[in-house]
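Comments concern the structure below.
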Amino acid sequence: MITSIYIDNFKALNDIEIPFSPLTVLIGANGCGKSTVLQAVDMICRLVKTDLRNYLNERKWDVADLSSHLNSNRHITFRTMFRLNVAGKTEDIQWEILLHPVEEKNEIQLTKETVSSVTHGKTLLKTDSQGFERRNEKSGEMEKFPSLNLSLSMLSSIDTDKDRETFPALWALKRFLNGLDSFDLLSTERIRSGSRGT
């Protein structure tokens with residue numbers, strides 16, 4: 001389950017951490033950010049399934065609308081804590097993502113990504129300008145790859161059919177994220193479009 005999410009510079013949300021329990025209810029006045037929290041959760045979950053460019057097109061979002069106008073920070077930051085079953089044991093995993101909006105191109109790039117086991121105090125996956133690394137649990141070594149221009153999480157490189165024993169925590173995280181879906185049936189885009197005859 002997701003135990004907390006930290007959001008900075010995403011739409012109206014700045015430097016906010018939200019704890020989650022098995023049942024979390026968001027209550028507040030119109031325009032206070034309830035939908036934005038759900039959009040943030042949806043966006044991070046979709047990073048392992050689809051390219052950011054496609055995601056923005058599906059949502060009909062302009063990159064200029066993603067960053068807060070009340071924050072001078074150039075990056076959007078998401079830091080999510082998970083409590084997962086990894087090889088039969090409970091493990092706390094932290095996934096941090098930094099996204100860089102490029103308004104001139106209407107693109108968003110993933111500039112930094114880190115997955116860490118809080119339980120075991122070790123980095124499991126790391127992506128930055130220096131390249132991409134992931135911890136092979138069988139050998140105990142970090143596998144290294146050259147730098148990439150990313151618009152998709154490197155968790156997408158984990159094969160949920162083959163990598164269960166080699167990357168158990170990353171496998172559990174990707175499997176959890178693949179199992180999530182958002183039900184945005186009341187999104188403004190869907191309310192505006194008719195559904196008869198389709």
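Numbering starts fresh at 1 for the residues of each chain in the structure tokens, the chains themselves are lettered A, B, ... in the order given, and ligands are numbered from 1 as they appear.
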
_I need the residues of chain A that end up classed as strand (DSSP E) by DSSP on the backbone, written out as number ranges by chain._
A: 2-8, 16-19, 76-86, 89-102, 107-117, 122-128, 131-135, 142-145

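Contact shell of Lys138 (chain A) at 10 Å (only C-alpha atoms; same-chain neighbours under 3 positions omitted): Arg135, Glu141, Glu165, Thr166, Phe167 and Pro168 of chain A.
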
Go ahead and save the residues from that selection, with N, CA and C atoms, as a PDB file, in the first residue's frame.
```
ATOM      1  N   ARG A 135      20.076  -2.392  -8.520  1.00  0.00           N
ATOM      2  CA  ARG A 135      20.736  -3.401  -7.676  1.00  0.00           C
ATOM      3  C   ARG A 135      20.242  -4.799  -8.027  1.00  0.00           C
ATOM      4  N   GLU A 141      25.407  -6.628  -6.626  1.00  0.00           N
ATOM      5  CA  GLU A 141      26.067  -5.542  -7.360  1.00  0.00           C
ATOM      6  C   GLU A 141      25.056  -4.592  -7.987  1.00  0.00           C
ATOM      7  N   GLU A 165      13.184 -12.828  -8.809  1.00  0.00           N
ATOM      8  CA  GLU A 165      14.268 -13.219  -7.895  1.00  0.00           C
ATOM      9  C   GLU A 165      15.477 -12.291  -7.996  1.00  0.00           C
ATOM     10  N   THR A 166      15.719 -11.731  -9.181  1.00  0.00           N
ATOM     11  CA  THR A 166      16.882 -10.870  -9.373  1.00  0.00           C
ATOM     12  C   THR A 166      16.675  -9.486  -8.772  1.00  0.00           C
ATOM     13  N   PHE A 167      15.473  -8.935  -8.899  1.00  0.00           N
ATOM     14  CA  PHE A 167      15.141  -7.600  -8.391  1.00  0.00           C
ATOM     15  C   PHE A 167      13.841  -7.678  -7.580  1.00  0.00           C
ATOM     16  N   PRO A 168      13.828  -8.385  -6.444  1.00  0.00           N
ATOM     17  CA  PRO A 168      12.552  -8.650  -5.746  1.00  0.00           C
ATOM     18  C   PRO A 168      11.787  -7.407  -5.309  1.00  0.00           C
TER      19      PRO A 168
END
```

Residue set, region 7-142 of chain A restricted to alpha helix (DSSP H), as a ChimeraX atom specification = /A:34-46,52-59

| said: So the first atom is CA of Ser147 (chain A) and the second is CA of Glu133 (chain A); what is the distance between them in Å, to one decimal place? | reply: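 Distance between the two atoms: 9.8 Å.
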
Item to check | Separation of CA of Met43 (chain A) from CA of Asp181 (chain A) in Å | outcome: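 Result for CA of Asp181 (chain A) versus CA of Met43 (chain A): 10.4 Å, one decimal.
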
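Neighbours of region 88-100 of chain A closer than or equal to 8 Å, with only C-alpha atoms counted and sequence neighbours fewer than 6 positions away skipped, come out as A:Arg74, A:His75, A:Ile76, A:Thr77, A:Phe78, A:Arg79, A:Thr80, A:Met81, A:Phe82, A:Ile108, A:Gln109, A:Leu110, A:Thr111, A:Lys112, A:Glu113, A:Thr114, A:Val115, A:Ser116, A:Ser117, A:Val118, A:Thr119, A:Ala169.
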
**Request:** Quick one: pull the distance between CA of Ile5 (chain A) and CA of Ala40 (chain A), Å, one decimal.
**Result:**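 Pair CA of Ile5 (chain A) / CA of Ala40 (chain A) returns 9.0 Å.
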
Across A:Gly28, A:Asp8, A:Ile44, A:Ser153, the smallest distance to Leu70 (chain A), with only C-alpha atoms counted, is shown by A:Asp8

Closest of A:Arg83, A:Lys105, A:His69, A:Arg53 to Leu150 (chain A), counting only C-alpha atoms, is A:Arg53

> Do you know which residues are at most 12 Å from Arg46 (chain A) counting only C-alpha atoms, after dropping those on the same chain fewer than 5 positions away, and could you put them as an MDAnalysis selection string?
Replying inline: chainID A and resid 39:41 51:56 58:59 151:153 155:156 174 176:182
